[in-house]
file model-v7.pdb (PDB, C-alpha atoms)
MODEL        1
ATOM      1  CA  GLY A  27      -1.627 -21.416  -8.149
ATOM      2  CA  PRO A  28      -4.894 -23.222  -7.512
ATOM      3  CA  SER A  29      -7.989 -21.218  -6.712
ATOM      4  CA  ILE A  30      -9.055 -21.246  -3.086
ATOM      5  CA  GLY A  31     -12.648 -20.360  -2.372
ATOM      6  CA  TYR A  32     -16.206 -21.565  -2.633
ATOM      7  CA  GLY A  33     -16.509 -25.087  -3.944
ATOM      8  CA  SER A  34     -12.790 -25.780  -4.177
ATOM      9  CA  ASN A  35     -10.603 -26.855  -1.298
ATOM     10  CA  CYS A  36     -11.729 -24.383   1.360
ATOM     11  CA  CYS A  37     -15.034 -24.029   3.132
ATOM     12  CA  ASN A  38     -17.182 -20.939   2.990
ATOM     13  CA  SER A  39     -17.029 -19.526   6.515
ATOM     14  CA  SER A  40     -20.812 -19.841   6.842
ATOM     15  CA  LEU A  41     -20.627 -23.619   6.510
ATOM     16  CA  PRO A  42     -19.758 -26.105   9.226
ATOM     17  CA  TYR A  43     -16.304 -27.609   9.407
ATOM     18  CA  GLY A  44     -16.044 -30.253   6.707
ATOM     19  CA  GLY A  45     -19.648 -29.541   5.710
ATOM     20  CA  PRO A  46     -21.396 -31.300   2.834
ATOM     21  CA  ARG A  47     -20.590 -28.576   0.295
ATOM     22  CA  CYS A  48     -16.894 -28.491   1.201
ATOM     23  CA  ALA A  49     -14.457 -30.475  -0.897
ATOM     24  CA  ALA A  50     -12.071 -30.802   2.062
ATOM     25  CA  ASP A  51     -11.401 -29.544   5.541
ATOM     26  CA  CYS A  52     -10.526 -25.877   5.539
ATOM     27  CA  ASP A  53      -7.515 -24.118   6.996
ATOM     28  CA  TYR A  54      -8.891 -20.597   6.662
ATOM     29  CA  VAL A  55      -5.705 -18.901   7.864
ATOM     30  CA  GLN A  56      -3.624 -20.789   5.313
ATOM     31  CA  ALA A  57      -6.080 -20.035   2.509
ATOM     32  CA  VAL A  58      -6.286 -16.309   3.257
ATOM     33  CA  THR A  59      -2.526 -16.051   3.689
ATOM     34  CA  HIS A  60      -1.984 -17.789   0.338
ATOM     35  CA  GLN A  61      -4.410 -15.494  -1.476
ATOM     36  CA  ALA A  62      -3.078 -12.294   0.131
ATOM     37  CA  ALA A  63       0.548 -13.257  -0.537
ATOM     38  CA  ALA A  64      -0.252 -13.973  -4.188
ATOM     39  CA  LEU A  65      -1.846 -10.555  -4.563
ATOM     40  CA  LYS A  66       1.081  -8.827  -2.825
ATOM     41  CA  ARG A  67       3.527 -10.552  -5.204
ATOM     42  CA  VAL A  68       1.894  -9.003  -8.262
ATOM     43  CA  ALA A  69       0.912  -5.707  -6.602
ATOM     44  CA  PRO A  70       3.227  -5.092  -3.609
ATOM     45  CA  ASN A  71       1.726  -1.708  -2.744
ATOM     46  CA  THR A  72      -1.843  -2.994  -2.684
ATOM     47  CA  SER A  73      -3.586  -2.895   0.670
ATOM     48  CA  VAL A  74      -5.097  -6.331   1.325
ATOM     49  CA  TRP A  75      -8.070  -6.647   3.654
ATOM     50  CA  ILE A  76     -10.224  -9.597   4.518
ATOM     51  CA  TYR A  77     -14.000  -9.184   4.568
ATOM     52  CA  THR A  78     -16.102 -11.638   6.518
ATOM     53  CA  SER A  79     -19.470 -11.893   8.180
ATOM     54  CA  ALA A  80     -17.774 -13.043  11.337
ATOM     55  CA  PHE A  81     -20.344 -12.326  13.988
ATOM     56  CA  CYS A  82     -23.190 -14.435  12.671
ATOM     57  CA  THR A  83     -21.109 -17.522  12.040
ATOM     58  CA  ALA A  84     -19.143 -19.701  14.362
ATOM     59  CA  VAL A  85     -17.026 -21.463  11.841
ATOM     60  CA  THR A  86     -14.330 -19.164  10.497
ATOM     61  CA  PHE A  87     -11.716 -21.380  12.140
ATOM     62  CA  ASP A  88     -11.752 -25.076  12.874
ATOM     63  CA  SER A  89     -11.438 -24.370  16.609
ATOM     64  CA  MET A  90     -14.668 -22.387  16.411
ATOM     65  CA  SER A  91     -16.642 -24.797  14.259
ATOM     66  CA  ARG A  92     -15.846 -27.645  16.595
ATOM     67  CA  ILE A  93     -17.637 -25.926  19.501
ATOM     68  CA  VAL A  94     -20.906 -25.210  17.669
ATOM     69  CA  ASP A  95     -22.735 -28.213  19.105
ATOM     70  CA  ASP A  96     -20.483 -28.889  22.108
ATOM     71  CA  PRO A  97     -22.657 -28.734  25.268
ATOM     72  CA  ALA A  98     -19.737 -27.169  27.151
ATOM     73  CA  TYR A  99     -20.195 -24.034  25.010
ATOM     74  CA  GLN A 100     -23.994 -23.914  25.123
ATOM     75  CA  GLY A 101     -24.034 -20.429  26.662
ATOM     76  CA  PHE A 102     -22.166 -18.980  23.675
ATOM     77  CA  TRP A 103     -25.182 -19.057  21.337
ATOM     78  CA  LEU A 104     -28.425 -17.098  21.224
ATOM     79  CA  ASP A 105     -30.410 -20.101  20.047
ATOM     80  CA  CYS A 106     -29.456 -21.960  23.233
ATOM     81  CA  VAL A 107     -31.373 -19.505  25.442
ATOM     82  CA  GLY A 108     -33.990 -21.445  27.390
ATOM     83  CA  SER A 109     -32.415 -24.825  26.646
ATOM     84  CA  ALA A 110     -31.761 -27.307  29.391
ATOM     85  CA  PRO A 111     -28.039 -27.721  30.172
ATOM     86  CA  GLY A 112     -26.421 -29.799  27.451
ATOM     87  CA  GLN A 113     -29.573 -29.652  25.319
ATOM     88  CA  CYS A 114     -28.830 -26.761  22.977
ATOM     89  CA  PRO A 115     -30.804 -27.275  19.756
ATOM     90  CA  PRO A 116     -28.642 -28.257  16.785
ATOM     91  CA  GLY A 117     -27.212 -25.329  14.849
ATOM     92  CA  ARG A 118     -29.148 -24.284  11.764
ATOM     93  CA  ASP A 119     -26.811 -25.564   9.033
ATOM     94  CA  GLY A 120     -23.914 -25.212  11.478
ATOM     95  CA  VAL A 121     -24.485 -21.472  11.865
ATOM     96  CA  ARG A 122     -25.167 -19.941  15.265
ATOM     97  CA  ASP A 123     -25.534 -16.373  16.432
ATOM     98  CA  TRP A 124     -23.100 -15.524  19.221
ATOM     99  CA  ASP A 125     -24.501 -14.456  22.582
ATOM    100  CA  PHE A 126     -21.937 -11.833  23.511
ATOM    101  CA  ARG A 127     -23.650 -11.099  26.806
ATOM    102  CA  ASN A 128     -21.444 -14.006  27.857
ATOM    103  CA  ALA A 129     -17.963 -12.665  28.687
ATOM    104  CA  SER A 130     -16.434 -16.085  28.010
ATOM    105  CA  ALA A 131     -17.926 -16.100  24.501
ATOM    106  CA  ARG A 132     -16.479 -12.639  23.837
ATOM    107  CA  ALA A 133     -13.027 -13.683  25.075
ATOM    108  CA  PHE A 134     -13.091 -16.924  23.086
ATOM    109  CA  PHE A 135     -14.179 -15.088  19.933
ATOM    110  CA  ALA A 136     -11.507 -12.394  20.275
ATOM    111  CA  ARG A 137      -8.811 -14.982  20.936
ATOM    112  CA  GLU A 138      -9.813 -17.503  18.292
ATOM    113  CA  TRP A 139     -10.862 -15.084  15.575
ATOM    114  CA  GLY A 140      -9.177 -11.757  16.217
ATOM    115  CA  THR A 141      -5.716 -12.952  17.108
ATOM    116  CA  LYS A 142      -5.625 -15.444  14.230
ATOM    117  CA  ILE A 143      -6.628 -12.797  11.698
ATOM    118  CA  ALA A 144      -4.091 -10.356  13.188
ATOM    119  CA  ALA A 145      -1.373 -12.998  12.882
ATOM    120  CA  ILE A 146      -1.630 -13.121   9.086
ATOM    121  CA  PRO A 147       1.367 -10.945   8.171
ATOM    122  CA  VAL A 148       0.296 -10.146   4.600
ATOM    123  CA  LEU A 149      -3.061  -8.666   5.657
ATOM    124  CA  ASP A 150      -3.372  -4.940   6.181
ATOM    125  CA  GLY A 151      -6.764  -5.066   7.842
ATOM    126  CA  VAL A 152     -10.060  -6.810   8.397
ATOM    127  CA  TYR A 153     -13.651  -5.774   7.934
ATOM    128  CA  ALA A 154     -15.910  -7.874  10.151
ATOM    129  CA  ASP A 155     -19.540  -7.552   9.150
ATOM    130  CA  SER A 156     -22.843  -8.345  10.877
ATOM    131  CA  GLY A 157     -22.014  -7.398  14.457
ATOM    132  CA  ASP A 158     -24.785  -4.847  14.766
ATOM    133  CA  MET A 159     -27.376  -7.402  13.691
ATOM    134  CA  MET A 160     -26.901  -9.393  16.868
ATOM    135  CA  GLY A 161     -28.619  -6.839  19.072
ATOM    136  CA  CYS A 162     -31.024  -5.460  16.496
ATOM    137  CA  SER A 163     -33.150  -8.413  15.549
ATOM    138  CA  PRO A 164     -32.134 -11.895  16.661
ATOM    139  CA  PRO A 165     -34.846 -14.372  15.688
ATOM    140  CA  PRO A 166     -36.687 -16.459  18.267
ATOM    141  CA  THR A 167     -34.567 -19.307  19.551
ATOM    142  CA  ALA A 168     -35.132 -22.887  18.476
ATOM    143  CA  THR A 169     -36.959 -23.404  21.782
ATOM    144  CA  GLY A 170     -39.318 -20.517  20.960
ATOM    145  CA  HIS A 171     -37.827 -17.871  23.245
ATOM    146  CA  VAL A 172     -38.597 -14.379  21.912
ATOM    147  CA  PHE A 173     -36.110 -11.782  23.127
ATOM    148  CA  THR A 174     -37.464  -8.900  25.186
ATOM    149  CA  GLN A 175     -36.368  -5.309  24.683
ATOM    150  CA  PRO A 176     -34.036  -5.416  27.747
ATOM    151  CA  GLU A 177     -32.518  -8.656  26.428
ATOM    152  CA  LEU A 178     -32.025  -7.105  22.989
ATOM    153  CA  GLN A 179     -30.281  -4.126  24.598
ATOM    154  CA  ALA A 180     -28.023  -6.448  26.613
ATOM    155  CA  ILE A 181     -27.240  -8.480  23.476
ATOM    156  CA  PHE A 182     -26.380  -5.301  21.593
ATOM    157  CA  ASN A 183     -24.208  -4.002  24.456
ATOM    158  CA  GLY A 184     -22.404  -7.345  24.650
ATOM    159  CA  THR A 185     -21.836  -7.229  20.903
ATOM    160  CA  VAL A 186     -20.318  -3.754  21.167
ATOM    161  CA  GLN A 187     -18.004  -5.118  23.851
ATOM    162  CA  ALA A 188     -17.131  -8.014  21.529
ATOM    163  CA  TRP A 189     -16.240  -5.540  18.747
ATOM    164  CA  ARG A 190     -13.956  -3.747  21.198
ATOM    165  CA  GLU A 191     -12.269  -6.952  22.383
ATOM    166  CA  LEU A 192     -11.873  -8.072  18.782
ATOM    167  CA  ALA A 193     -10.269  -4.761  17.816
ATOM    168  CA  LEU A 194      -7.888  -4.946  20.772
ATOM    169  CA  ALA A 195      -6.942  -8.518  19.835
TER     170      ALA A 195
ENDMDL
END

call {"tool": "encode", "arguments": {"input": "model-v7.pdb", "output": "structure tokens"}}
result
Amino acid sequence: GPSIGYGSNCCNSSLPYGGPRCAADCDYVQAVTHQAAALKRVAPNTSVWIYTSAFCTAVTFDSMSRIVDDPAYQGFWLDCVGSAPGQCPPGRDGVRDWDFRNASARAFFAREWGTKIAAIPVLDGVYADSGDMMGCSPPPTATGHVFTQPELQAIFNGTVQAWRELALA
């Protein structure tokens, strides 16, 4: 079958939905399912896992990419800290760091990312990368806010909670 990946008919998960380097809109679940099923057909006993840098991107699924610059979800992103309501700075190339201190962001992420990955029947597991980075060294926000040590600890603790909620999903 046709190749699905960078530069073909599916977006890299670090790019915005329908971004300039995407040949078409991406149905990530469909693409991963197609690839995993193809591998299982030729090697049925192979364990198939997905690897993704999920925590530092918002765009693994269309439902997530569509909220990146939506003012209703401003509190979901670290670069929105210090922004006036509805005035979150535009995402850097469509990529935003999650602010998992926000329980609603954690729940949305677990529902939209975790449950969709878990629903792919041909996958045996998932390795989600980058979660620890959120609390270790988030850069200053677009408005210039530099995170304090207590804020960094809260971000890290929220990220650990997000890992847990994701695993449960």

call {"tool": "closest_residue", "arguments": {"input": "model-v7.pdb", "among": "A:Phe134, A:Trp103, A:Trp75, A:Phe126", "to": "A:Ile181", "atoms": "only C-alpha atoms"}}
result
A:Phe126

call {"tool": "closest_residue", "arguments": {"input": "model-v7.pdb", "among": "A:Val107, A:Ala63, A:Val186, A:Leu192", "to": "A:Asp123", "atoms": "all atoms listed in the file"}}
result
A:Val107

call {"tool": "residues_near_point", "arguments": {"input": "model-v7.pdb", "point": "(-29.0, -22.7, 19.8)", "cutoff": "9 Å", "atoms": "all atoms listed in the file", "output": "ChimeraX atom specification"}}
result
/A:94-95,100-107,109,113-118,122-123,167-169

call {"tool": "resolve_selection", "arguments": {"input": "model-v7.pdb", "expression": "the PyMOL selection byres ((chain A and resi 188) around 10)", "output": "PyMOL selection string"}}
result
chain A and resi 81+124-129+131-136+157+182-187+189-194

call {"tool": "atom_distance", "arguments": {"input": "model-v7.pdb", "atom1": "atom CA of A:Pro111", "atom2": "atom CA of A:Pro166"}}
result
18.5 Å

call {"tool": "resolve_selection", "arguments": {"input": "model-v7.pdb", "expression": "the PyMOL selection byres ((chain A and resi 153) around 6)", "output": "PDB file with C-alpha atoms, in the coordinates of the input"}}
result
ATOM      1  CA  TYR A  77     -14.000  -9.184   4.568  1.00  0.00           C
ATOM      2  CA  VAL A 152     -10.060  -6.810   8.397  1.00  0.00           C
ATOM      3  CA  ALA A 154     -15.910  -7.874  10.151  1.00  0.00           C
TER       4      ALA A 154
END

call {"tool": "axis_aligned_box", "arguments": {"input": "model-v7.pdb", "around": "stretch 67-73 of chain A", "padding_each_side": "5 Å", "output": "JSON"}}
result
{"center_x": 0.0, "center_y": -6.1, "center_z": -3.8, "size_x": 17.1, "size_y": 18.8, "size_z": 18.9}

call {"tool": "resolve_selection", "arguments": {"input": "model-v7.pdb", "expression": "the PyMOL selection byres ((chain A and resi 62) around 9)", "output": "ChimeraX atom specification"}}
result
/A:57-61,63-67,74-76,148-149

call {"tool": "atom_distance", "arguments": {"input": "model-v7.pdb", "atom1": "atom CA of A:Gln56", "atom2": "atom CA of A:Pro70"}}
result
19.3 Å

call {"tool": "atom_distance", "arguments": {"input": "model-v7.pdb", "atom1": "atom CA of A:Gln179", "atom2": "atom CA of A:Asp96"}}
result
26.7 Å
